[in-house]
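Participant: See data25.csv below, with CSV, C-alpha atoms.
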```csv
chain,number,residue,atom,x,y,z
A,1,MET,CA,0.0,0.0,0.0
A,2,SER,CA,1.4,3.4,-1.0
A,3,ILE,CA,1.5,6.2,1.5
A,4,ALA,CA,-0.2,9.4,0.2
A,5,SER,CA,1.5,12.6,1.3
A,6,PRO,CA,0.7,16.2,0.4
A,7,SER,CA,2.6,17.7,-2.5
A,8,PRO,CA,5.4,19.5,-0.6
A,9,ALA,CA,5.5,23.2,-1.2
A,10,GLU,CA,8.8,25.0,-1.0
A,11,THR,CA,9.3,26.9,2.3
A,12,PRO,CA,12.0,29.3,3.4
A,13,ALA,CA,13.2,26.6,5.9
A,14,ASP,CA,13.9,24.2,3.1
A,15,ALA,CA,16.7,26.3,1.6
A,16,VAL,CA,18.2,26.8,5.1
A,17,ILE,CA,18.2,23.0,5.8
A,18,ASP,CA,19.7,22.2,2.4
A,19,ASP,CA,22.4,24.8,2.6
A,20,VAL,CA,23.4,23.9,6.2
A,21,VAL,CA,23.6,20.2,5.6
A,22,ALA,CA,25.4,20.6,2.3
A,23,GLY,CA,28.1,22.6,4.1
A,24,LEU,CA,28.2,19.9,6.9
A,25,GLU,CA,28.5,16.8,4.7
A,26,ASP,CA,32.3,16.3,5.2
A,27,GLU,CA,32.0,17.0,8.9
A,28,LEU,CA,29.1,14.6,9.4
A,29,VAL,CA,30.9,11.8,7.6
A,30,ALA,CA,34.0,12.4,9.7
A,31,PHE,CA,31.8,12.5,12.8
A,32,ARG,CA,30.2,9.2,11.9
A,33,ARG,CA,33.5,7.5,11.1
A,34,ASP,CA,35.0,8.7,14.4
A,35,LEU,CA,32.0,7.2,16.3
A,36,HIS,CA,32.5,4.0,14.3
A,37,ALA,CA,36.2,3.8,15.2
A,38,HIS,CA,35.3,4.3,18.9
A,39,PRO,CA,32.2,2.3,19.6
A,40,GLU,CA,30.7,2.0,23.1
A,41,LEU,CA,28.4,-0.7,24.4
A,42,SER,CA,25.0,-0.1,26.0
A,43,TRP,CA,25.1,2.2,29.1
A,44,ARG,CA,28.8,3.0,28.4
A,45,GLU,CA,28.3,5.6,25.7
A,46,VAL,CA,30.3,8.3,27.7
A,47,ARG,CA,32.6,9.5,24.9
A,48,THR,CA,29.7,9.5,22.4
A,49,THR,CA,27.5,11.5,24.7
A,50,SER,CA,30.2,14.0,25.3
A,51,LEU,CA,30.9,14.5,21.6
A,52,VAL,CA,27.3,14.9,20.7
A,53,ALA,CA,26.6,17.3,23.6
A,54,ALA,CA,29.5,19.6,22.6
A,55,ARG,CA,28.6,19.8,19.0
A,56,ILE,CA,24.9,20.5,19.3
A,57,ALA,CA,25.4,23.0,22.1
A,58,GLN,CA,27.4,25.0,19.6
A,59,ALA,CA,24.3,25.1,17.5
A,60,GLY,CA,22.2,26.7,20.2
A,61,TRP,CA,20.5,23.7,21.8
A,62,ARG,CA,19.8,23.5,25.5
A,63,VAL,CA,21.5,20.2,26.4
A,64,THR,CA,20.7,18.0,29.4
A,65,GLU,CA,23.0,15.0,29.9
A,66,LEU,CA,21.3,12.1,31.5
A,67,PRO,CA,22.4,10.4,34.8
A,68,ARG,CA,24.1,7.5,33.1
A,69,THR,CA,24.7,8.2,29.4
A,70,GLY,CA,22.8,9.8,26.6
A,71,LEU,CA,21.2,13.3,26.5
A,72,VAL,CA,18.1,15.3,25.8
A,73,ALA,CA,18.3,18.6,24.0
A,74,GLU,CA,15.6,21.2,23.2
A,75,ILE,CA,15.3,24.4,21.1
A,76,GLY,CA,12.4,26.9,21.2
A,77,THR,CA,10.6,28.2,24.2
A,78,ASP,CA,6.9,27.6,23.7
A,79,GLY,CA,4.4,25.8,21.5
A,80,PRO,CA,4.0,22.2,20.5
A,81,VAL,CA,6.9,19.8,20.8
A,82,VAL,CA,8.1,17.3,18.2
A,83,ALA,CA,10.9,14.8,19.2
A,84,LEU,CA,13.6,13.3,17.1
A,85,ARG,CA,15.4,10.2,18.3
A,86,ALA,CA,18.8,8.5,17.6
A,87,ASP,CA,20.4,5.6,19.5
A,88,LEU,CA,24.1,5.7,20.6
A,89,ASP,CA,25.2,2.2,21.5
A,90,ALA,CA,27.3,-0.4,19.6
A,91,LEU,CA,27.2,-4.2,19.7
A,92,PRO,CA,29.6,-6.8,21.2
A,93,VAL,CA,30.6,-7.9,17.6
A,94,PRO,CA,34.1,-7.8,16.1
A,95,ASP,CA,34.6,-5.4,13.2
A,96,LEU,CA,35.4,-7.4,10.0
A,97,THR,CA,35.3,-4.5,7.5
A,98,GLY,CA,39.0,-3.6,7.4
A,99,ASP,CA,38.0,0.0,6.7
A,100,PRO,CA,40.4,2.8,7.7
A,101,TRP,CA,37.8,3.8,10.3
A,102,ALA,CA,37.2,0.3,11.6
A,103,SER,CA,36.6,-0.1,15.3
A,104,THR,CA,39.6,0.3,17.5
A,105,VAL,CA,37.8,-1.5,20.4
A,106,GLU,CA,38.3,-5.2,20.3
A,107,GLY,CA,35.1,-7.2,19.9
A,108,VAL,CA,32.9,-4.1,19.6
A,109,THR,CA,31.5,-2.4,16.6
A,110,HIS,CA,28.6,-0.3,15.2
A,111,ALA,CA,27.0,-3.3,13.4
A,112,CYS,CA,23.5,-1.8,13.5
A,113,GLY,CA,24.2,1.6,12.1
A,114,HIS,CA,23.7,3.6,15.3
A,115,ASP,CA,26.8,5.7,14.3
A,116,VAL,CA,24.8,6.8,11.2
A,117,HIS,CA,21.7,7.5,13.3
A,118,THR,CA,23.7,9.7,15.7
A,119,ALA,CA,25.6,11.6,13.1
A,120,ALA,CA,22.4,12.2,11.1
A,121,LEU,CA,20.6,13.6,14.1
A,122,VAL,CA,23.6,15.9,14.9
A,123,GLY,CA,23.3,17.2,11.3
A,124,ALA,CA,19.6,17.8,11.7
A,125,ALA,CA,20.3,19.6,15.0
A,126,VAL,CA,22.7,22.0,13.4
A,127,ALA,CA,20.3,22.7,10.6
A,128,LEU,CA,17.3,23.2,12.9
A,129,GLY,CA,19.5,25.5,15.0
A,130,ARG,CA,19.9,27.7,12.0
A,131,VAL,CA,16.2,27.5,11.1
A,132,HIS,CA,15.4,28.6,14.6
A,133,GLU,CA,17.9,31.5,14.5
A,134,GLN,CA,16.1,32.8,11.4
A,135,GLY,CA,12.7,32.7,13.1
A,136,LEU,CA,11.4,30.0,10.8
A,137,LEU,CA,10.7,27.4,13.5
A,138,PRO,CA,7.5,27.9,15.5
A,139,GLY,CA,7.2,25.6,18.5
A,140,ARG,CA,9.8,23.4,20.0
A,141,VAL,CA,12.0,20.5,18.9
A,142,ARG,CA,13.4,18.0,21.3
A,143,LEU,CA,16.3,15.6,20.6
A,144,LEU,CA,16.5,12.2,22.2
A,145,PHE,CA,20.1,10.8,22.0
A,146,GLN,CA,19.2,7.5,23.6
A,147,PRO,CA,21.6,5.0,25.2
A,148,ALA,CA,21.2,1.2,25.3
A,149,GLU,CA,18.8,0.4,22.5
A,150,GLU,CA,20.6,-3.0,22.0
A,151,VAL,CA,19.7,-4.4,25.4
A,152,MET,CA,16.2,-5.4,26.5
A,153,PRO,CA,13.9,-3.8,27.5
A,154,GLY,CA,15.8,-0.9,26.0
A,155,GLY,CA,17.1,2.5,27.1
A,156,ALA,CA,14.0,4.2,25.8
A,157,LEU,CA,12.2,3.3,29.0
A,158,SER,CA,14.8,5.2,31.0
A,159,LEU,CA,14.2,8.3,28.9
A,160,ILE,CA,10.5,8.0,29.3
A,161,GLU,CA,10.8,7.7,33.1
A,162,LEU,CA,13.0,10.8,33.1
A,163,GLY,CA,10.3,12.8,31.4
A,164,ALA,CA,11.8,12.9,27.9
A,165,LEU,CA,8.3,12.5,26.3
A,166,ASP,CA,6.6,15.1,28.5
A,167,ASP,CA,4.6,17.5,26.3
A,168,VAL,CA,5.7,15.7,23.2
A,169,ASP,CA,3.1,15.6,20.4
A,170,ARG,CA,4.9,13.5,17.8
A,171,VAL,CA,8.2,11.5,17.8
A,172,PHE,CA,10.2,10.4,14.7
A,173,GLY,CA,13.2,8.3,14.0
A,174,LEU,CA,15.2,6.6,11.2
A,175,HIS,CA,16.9,3.2,11.2
A,176,CYS,CA,19.5,2.0,8.8
A,177,ASP,CA,18.4,-0.6,6.2
A,178,PRO,CA,21.3,-2.2,4.3
A,179,THR,CA,18.8,-3.9,1.9
A,180,LEU,CA,17.7,-0.5,0.5
A,181,ASP,CA,19.9,1.6,-1.8
A,182,VAL,CA,21.1,5.0,-0.4
A,183,GLY,CA,18.7,7.6,-1.6
A,184,SER,CA,15.6,5.7,-0.6
A,185,VAL,CA,13.6,5.5,2.6
A,186,GLY,CA,11.3,2.6,3.4
A,187,LEU,CA,8.0,3.6,4.9
A,188,ARG,CA,5.0,1.7,6.3
A,189,GLU,CA,1.8,2.6,8.0
A,190,GLY,CA,1.0,0.5,11.1
A,191,PRO,CA,3.5,-2.1,12.5
A,192,ILE,CA,6.9,-2.0,11.0
A,193,THR,CA,8.8,-4.2,13.5
A,194,GLY,CA,7.9,-7.0,15.8
A,195,ALA,CA,7.8,-7.6,19.5
A,196,ALA,CA,10.9,-9.3,20.9
A,197,ASP,CA,11.6,-11.0,24.2
A,198,HIS,CA,14.5,-12.9,25.7
A,199,LEU,CA,14.0,-16.5,27.0
A,200,ASP,CA,16.4,-18.6,29.1
A,201,VAL,CA,15.5,-22.1,30.2
A,202,THR,CA,17.7,-24.0,32.7
A,203,LEU,CA,17.0,-27.6,33.5
A,204,SER,CA,18.4,-29.5,36.5
A,205,GLY,CA,18.3,-33.1,37.5
A,206,SER,CA,20.4,-35.8,39.2
A,207,GLY,CA,22.5,-36.7,36.2
A,208,GLY,CA,24.1,-40.1,35.6
A,209,HIS,CA,25.6,-42.6,33.2
A,210,THR,CA,24.3,-42.8,29.6
A,211,SER,CA,24.0,-46.6,30.0
A,212,ARG,CA,21.4,-46.1,32.7
A,213,PRO,CA,19.0,-43.3,31.6
A,214,HIS,CA,16.1,-45.2,33.3
A,215,LEU,CA,17.8,-44.7,36.7
A,216,THR,CA,18.2,-40.9,36.4
A,217,GLU,CA,16.6,-38.0,34.7
A,218,ASP,CA,17.7,-37.8,31.0
A,219,LEU,CA,18.2,-34.1,31.1
A,220,THR,CA,19.8,-33.7,27.7
A,221,TYR,CA,16.8,-35.5,26.1
A,222,ALA,CA,14.4,-33.2,28.0
A,223,LEU,CA,16.4,-30.2,26.8
A,224,GLY,CA,16.1,-31.3,23.2
A,225,LYS,CA,12.3,-31.5,23.7
A,226,VAL,CA,12.2,-27.9,24.9
A,227,VAL,CA,14.3,-26.9,21.8
A,228,THR,CA,12.0,-28.6,19.3
A,229,GLU,CA,8.6,-28.6,21.0
A,230,LEU,CA,8.2,-25.2,22.5
A,231,PRO,CA,8.2,-23.4,19.1
A,232,SER,CA,5.7,-25.8,17.8
A,233,ILE,CA,3.3,-25.7,20.8
A,234,LEU,CA,3.5,-21.9,21.1
A,235,SER,CA,2.5,-21.5,17.5
A,236,ARG,CA,-0.7,-23.6,18.2
A,237,ARG,CA,-1.5,-21.8,21.5
A,238,LEU,CA,-1.2,-18.2,20.1
A,239,ASP,CA,-3.0,-16.7,17.1
A,240,PRO,CA,-1.1,-17.9,14.0
A,241,ARG,CA,-1.6,-14.5,12.5
A,242,ALA,CA,0.8,-13.2,15.1
A,243,GLY,CA,3.7,-14.8,13.4
A,244,VAL,CA,5.2,-16.2,16.6
A,245,SER,CA,8.9,-17.2,16.2
A,246,VAL,CA,11.0,-18.9,18.8
A,247,VAL,CA,14.7,-19.2,17.8
A,248,TRP,CA,17.5,-20.5,20.0
A,249,GLY,CA,20.9,-18.9,20.1
A,250,ILE,CA,22.3,-20.8,23.0
A,251,VAL,CA,22.2,-24.6,23.7
A,252,HIS,CA,24.5,-26.1,26.2
A,253,ALA,CA,24.6,-29.3,28.2
A,254,GLY,CA,27.3,-31.7,29.4
A,255,SER,CA,31.0,-32.2,28.6
A,256,ALA,CA,31.4,-36.0,28.1
A,257,HIS,CA,29.9,-38.5,25.7
A,258,ASN,CA,28.9,-41.0,28.3
A,259,VAL,CA,27.6,-38.7,31.1
A,260,ILE,CA,24.0,-37.4,31.4
A,261,PRO,CA,24.6,-33.9,32.8
A,262,ALA,CA,22.9,-32.6,35.9
A,263,SER,CA,22.2,-29.2,34.3
A,264,GLY,CA,21.7,-27.7,30.9
A,265,ARG,CA,20.5,-24.5,29.4
A,266,VAL,CA,18.9,-23.1,26.2
A,267,GLY,CA,18.5,-19.4,25.4
A,268,GLY,CA,16.9,-17.5,22.6
A,269,THR,CA,14.3,-15.0,21.5
A,270,VAL,CA,10.6,-15.0,21.3
A,271,ARG,CA,9.3,-12.7,18.5
A,272,MET,CA,5.9,-11.9,17.1
A,273,LEU,CA,4.1,-9.4,14.9
A,274,ASP,CA,1.1,-8.8,17.2
A,275,ALA,CA,0.9,-6.9,20.4
A,276,VAL,CA,-2.0,-8.9,21.7
A,277,ALA,CA,-0.1,-12.2,21.4
A,278,TRP,CA,2.9,-10.4,23.0
A,279,SER,CA,0.9,-9.7,26.1
A,280,GLU,CA,0.0,-13.4,26.4
A,281,ALA,CA,3.3,-15.0,25.7
A,282,GLU,CA,5.0,-14.1,29.0
A,283,LYS,CA,2.5,-16.2,31.1
A,284,LEU,CA,2.1,-19.0,28.6
A,285,VAL,CA,5.8,-19.9,27.9
A,286,PRO,CA,6.7,-21.0,31.5
A,287,LEU,CA,3.6,-23.1,31.7
A,288,LEU,CA,4.4,-24.9,28.4
A,289,VAL,CA,8.0,-25.5,29.4
A,290,GLU,CA,6.8,-27.2,32.6
A,291,GLN,CA,4.5,-29.4,30.7
A,292,ILE,CA,7.1,-30.4,28.1
A,293,VAL,CA,9.7,-31.5,30.7
A,294,ALA,CA,7.3,-33.1,33.2
A,295,PRO,CA,7.5,-36.6,31.8
A,296,TYR,CA,11.3,-36.6,32.3
A,297,GLY,CA,11.4,-35.7,36.0
A,298,VAL,CA,13.7,-32.7,35.6
A,299,HIS,CA,13.2,-29.3,37.1
A,300,ALA,CA,12.8,-26.2,34.9
A,301,GLN,CA,13.7,-22.7,35.7
A,302,VAL,CA,12.3,-20.2,33.1
A,303,ASP,CA,13.7,-16.7,32.9
A,304,TYR,CA,11.3,-14.8,30.5
A,305,GLN,CA,12.4,-11.2,30.0
A,306,ARG,CA,9.9,-9.1,28.3
A,307,GLY,CA,11.7,-7.0,25.7
A,308,VAL,CA,10.1,-4.5,23.4
A,309,PRO,CA,6.6,-4.0,21.7
A,310,PRO,CA,6.2,-3.6,18.0
A,311,VAL,CA,6.9,-0.2,16.4
A,312,VAL,CA,3.5,0.9,15.1
A,313,ASN,CA,3.6,3.9,12.8
A,314,ASP,CA,0.8,6.4,13.2
A,315,LEU,CA,-0.9,7.3,9.9
A,316,ALA,CA,-0.7,11.1,10.3
A,317,ALA,CA,3.0,10.8,11.4
A,318,ILE,CA,4.0,8.5,8.5
A,319,THR,CA,2.3,10.9,6.1
A,320,LEU,CA,4.4,13.8,7.5
A,321,LEU,CA,7.5,11.6,7.2
A,322,ALA,CA,6.7,10.8,3.6
A,323,GLY,CA,6.4,14.5,2.8
A,324,ALA,CA,9.7,15.1,4.4
A,325,VAL,CA,11.3,12.4,2.3
A,326,GLU,CA,9.8,13.8,-0.8
A,327,ARG,CA,11.3,17.3,0.0
A,328,VAL,CA,14.7,15.7,0.2
A,329,LEU,CA,14.6,12.9,-2.4
A,330,GLY,CA,11.6,13.6,-4.6
A,331,HIS,CA,8.4,11.6,-5.1
A,332,ASP,CA,10.2,8.3,-5.7
A,333,GLY,CA,12.3,8.7,-2.5
A,334,HIS,CA,10.1,6.6,-0.3
A,335,VAL,CA,9.3,3.0,-1.0
A,336,PRO,CA,7.0,0.5,0.7
A,337,THR,CA,8.6,-1.8,3.2
A,338,GLN,CA,7.4,-4.9,5.1
A,339,GLN,CA,7.0,-5.5,8.8
A,340,SER,CA,10.0,-7.4,10.2
A,341,LEU,CA,10.4,-9.5,13.3
A,342,GLY,CA,13.3,-7.4,14.4
A,343,GLY,CA,12.9,-5.7,17.8
A,344,GLU,CA,13.4,-1.9,18.3
A,345,ASP,CA,12.7,-0.1,21.6
A,346,PHE,CA,11.4,2.9,19.6
A,347,GLY,CA,8.2,1.0,20.1
A,348,TRP,CA,8.1,2.2,23.7
A,349,TYR,CA,7.9,5.8,22.6
A,350,LEU,CA,5.1,5.0,20.2
A,351,ASP,CA,3.3,3.1,22.9
A,352,ARG,CA,2.8,6.6,24.5
A,353,VAL,CA,3.1,9.2,21.8
A,354,PRO,CA,2.0,9.0,18.1
A,355,GLY,CA,5.0,9.0,15.7
A,356,ALA,CA,6.8,7.1,13.0
A,357,MET,CA,10.1,5.3,12.2
A,358,GLY,CA,11.4,5.0,8.6
A,359,ARG,CA,14.1,2.8,7.2
A,360,LEU,CA,17.0,4.7,5.8
A,361,GLY,CA,18.7,3.1,2.8
A,362,THR,CA,22.4,2.6,3.3
A,363,ARG,CA,23.4,0.2,0.5
A,364,ALA,CA,25.7,1.5,-2.2
A,365,PRO,CA,23.8,1.1,-5.5
A,366,GLY,CA,25.1,-2.0,-7.2
A,367,GLY,CA,27.0,-3.0,-4.1
A,368,PRO,CA,26.6,-6.0,-1.8
A,369,THR,CA,23.7,-6.4,0.6
A,370,TYR,CA,24.8,-6.7,4.2
A,371,ASP,CA,22.9,-7.8,7.2
A,372,LEU,CA,22.5,-5.9,10.5
A,373,HIS,CA,24.3,-7.1,13.6
A,374,GLN,CA,27.1,-8.6,11.5
A,375,GLY,CA,30.7,-7.4,11.7
A,376,ASN,CA,31.0,-6.9,8.0
A,377,LEU,CA,28.3,-4.2,7.8
A,378,ARG,CA,29.2,-1.3,5.5
A,379,VAL,CA,27.1,1.8,4.8
A,380,ASP,CA,27.2,4.3,2.0
A,381,ASP,CA,28.2,7.5,3.9
A,382,ARG,CA,25.8,9.6,1.8
A,383,ALA,CA,23.0,8.2,4.0
A,384,VAL,CA,24.2,10.5,6.8
A,385,GLY,CA,23.4,13.7,5.0
A,386,ILE,CA,20.1,12.3,3.7
A,387,GLY,CA,19.1,11.3,7.2
A,388,ALA,CA,20.0,14.7,8.6
A,389,ARG,CA,17.8,16.4,5.9
A,390,VAL,CA,14.9,14.1,6.4
A,391,LEU,CA,14.9,14.5,10.2
A,392,ALA,CA,15.2,18.3,10.0
A,393,GLN,CA,12.4,18.5,7.4
A,394,VAL,CA,9.9,16.3,9.3
A,395,ALA,CA,10.4,18.6,12.4
A,396,VAL,CA,9.7,21.7,10.3
A,397,ALA,CA,6.8,19.9,8.5
A,398,PHE,CA,5.2,19.0,11.9
A,399,HIS,CA,5.1,22.6,13.0
A,400,GLY,CA,4.0,23.7,9.5
A,401,VAL,CA,0.7,21.7,9.6
A,402,LEU,CA,-0.5,22.7,13.1
```
Now that the file is in, can you turn its structure into structure tokens?

Facilitator:
Amino acid sequence: MSIASPSPAETPADAVIDDVVAGLEDELVAFRRDLHAHPELSWREVRTTSLVAARIAQAGWRVTELPRTGLVAEIGTDGPVVALRADLDALPVPDLTGDPWASTVEGVTHACGHDVHTAALVGAAVALGRVHEQGLLPGRVRLLFQPAEEVMPGGALSLIELGALDDVDRVFGLHCDPTLDVGSVGLREGPITGAADHLDVTLSGSGGHTSRPHLTEDLTYALGKVVTELPSILSRRLDPRAGVSVVWGIVHAGSAHNVIPASGRVGGTVRMLDAVAWSEAEKLVPLLVEQIVAPYGVHAQVDYQRGVPPVVNDLAAITLLAGAVERVLGHDGHVPTQQSLGGEDFGWYLDRVPGAMGRLGTRAPGGPTYDLHQGNLRVDDRAVGIGARVLAQVAVAFHGVL
């Protein structure tokens, strides 16, 4: 389904945004590459926070650094508030790119594009600062430079608890998409990501010799049943339209061929497309695990950590975002995109305030397609300036339609 947006009329703010970001292109690319070379894990984004705070303060923003890491900044003194969000944290993944700006931190890299998100929002901040200086920005804009998106339930909740959404009328964000060419933005009304939870199951029993499984609890066999049966049963107990997916990332039990271990563990994620099913899964999963292992006499400890809800784009907000993309990239700049099962804590913001998230194309035209959360992720640096323009434009567009 295509998203209809009003034909964007040229405004005085457009030229300001274009001129400012054009003059910043080299600086923004250098800023992004510096962040990439010095990645910081969730809740440790100290250097990143400091660099961002210093740069946007120069552009006239009132900056409030948060108690741990991250910051909130605002410009304007009265009127409605539109918020723009970027996430700061990297992943515990080794950098495999070999680029001159590759990570200098062993085992850590920006494998999800948060360095692009941050640099783009810094560019938008500088442009909006100039728009404000020239009296072309009615109302207020708030920037959310958020820590810890990569850990559940996400740093968004900490910002919400600190009042970052107070008085906010709309909130917008962009997320890198390495399957889309640079120069395009994927948009979708309604849900664009899935709900995502963490699941750990630990089984314990007496253990014993593999020649005598009947004299002990065959824990490894029971663990295998959890691995194979929980996904199947859950798909029958929740609405199949919810697209429930249980995928294991950790399976561990034993250390010898002829020993039934006394403990074992599996860990993974539970994902789904539907918020109703998400509300039911937390209570249902422990019950099902107990039923699965009951015949084998082992004890199950289930640690179910509720993660993030789906990101559900508001129609009015996605229409504004489409118009902003058209101002920057033309009528063909935004393309339809599908809902994914990836988790994104931007959903917590949209659980409270209407808004929208778009997918920012980062693939070099004709180049390879990378995957997020992989150490070989490369982005076309032109995406930084495009993201800066789109974010600045959607903030101006929000105030222009009030």

Participant: List the residues sitting within 12 Å of (6.7, -20.8, 21.3) in the file's frame, using all atoms listed in the file, as a ChimeraX atom specification.

Facilitator: /A:197-199,226-240,242-248,268-272,277-278,280-289,292,304

Participant: Got a sec: who's within 7 Å of region 30-32 of chain A, counting all atoms listed in the file, leaving out chain neighbours fewer than 4 positions off, as a VMD selection string?

Facilitator: chain A and resid 26 36 115 to 116 119

Participant: So that I can see what lies close to region 349-365 of chain A, please list as an mmCIF file with C-alpha atoms, keeping the file's coordinate frame the residues with an atom at most 6 Å from it, counting all atoms listed in the file and leaving out residues fewer than 3 positions away in the same chain.

Facilitator:
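Output file part-v9.cif is given in full below:
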```cif
data_model
loop_
_atom_site.group_PDB
_atom_site.id
_atom_site.type_symbol
_atom_site.label_atom_id
_atom_site.label_comp_id
_atom_site.auth_asym_id
_atom_site.auth_seq_id
_atom_site.Cartn_x
_atom_site.Cartn_y
_atom_site.Cartn_z
ATOM 1 C CA ARG A 170 4.900 13.500 17.800
ATOM 2 C CA VAL A 171 8.200 11.500 17.800
ATOM 3 C CA PHE A 172 10.200 10.400 14.700
ATOM 4 C CA GLY A 173 13.200 8.300 14.000
ATOM 5 C CA LEU A 174 15.200 6.600 11.200
ATOM 6 C CA HIS A 175 16.900 3.200 11.200
ATOM 7 C CA CYS A 176 19.500 2.000 8.800
ATOM 8 C CA ASP A 177 18.400 -0.600 6.200
ATOM 9 C CA PRO A 178 21.300 -2.200 4.300
ATOM 10 C CA LEU A 180 17.700 -0.500 0.500
ATOM 11 C CA ASP A 181 19.900 1.600 -1.800
ATOM 12 C CA VAL A 182 21.100 5.000 -0.400
ATOM 13 C CA SER A 184 15.600 5.700 -0.600
ATOM 14 C CA VAL A 185 13.600 5.500 2.600
ATOM 15 C CA GLY A 186 11.300 2.600 3.400
ATOM 16 C CA LEU A 187 8.000 3.600 4.900
ATOM 17 C CA ASN A 313 3.600 3.900 12.800
ATOM 18 C CA ASP A 314 0.800 6.400 13.200
ATOM 19 C CA ALA A 317 3.000 10.800 11.400
ATOM 20 C CA ILE A 318 4.000 8.500 8.500
ATOM 21 C CA PHE A 346 11.400 2.900 19.600
ATOM 22 C CA VAL A 379 27.100 1.800 4.800
ATOM 23 C CA ASP A 380 27.200 4.300 2.000
ATOM 24 C CA ALA A 383 23.000 8.200 4.000
#
```

Participant: Using all atoms listed in the file, which residues sit within 10 Å of Asn258 (chain A) once same-chain residues fewer than 4 positions away are excluded, as JSON, numbers by chain?

Facilitator: {"A": [208, 209, 210, 211, 254]}

Participant: Record the distance separating CA of Gly76 (chain A) and CA of Leu320 (chain A), expressed in Å with one decimal.

Facilitator: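 It comes out at 20.6 Å.
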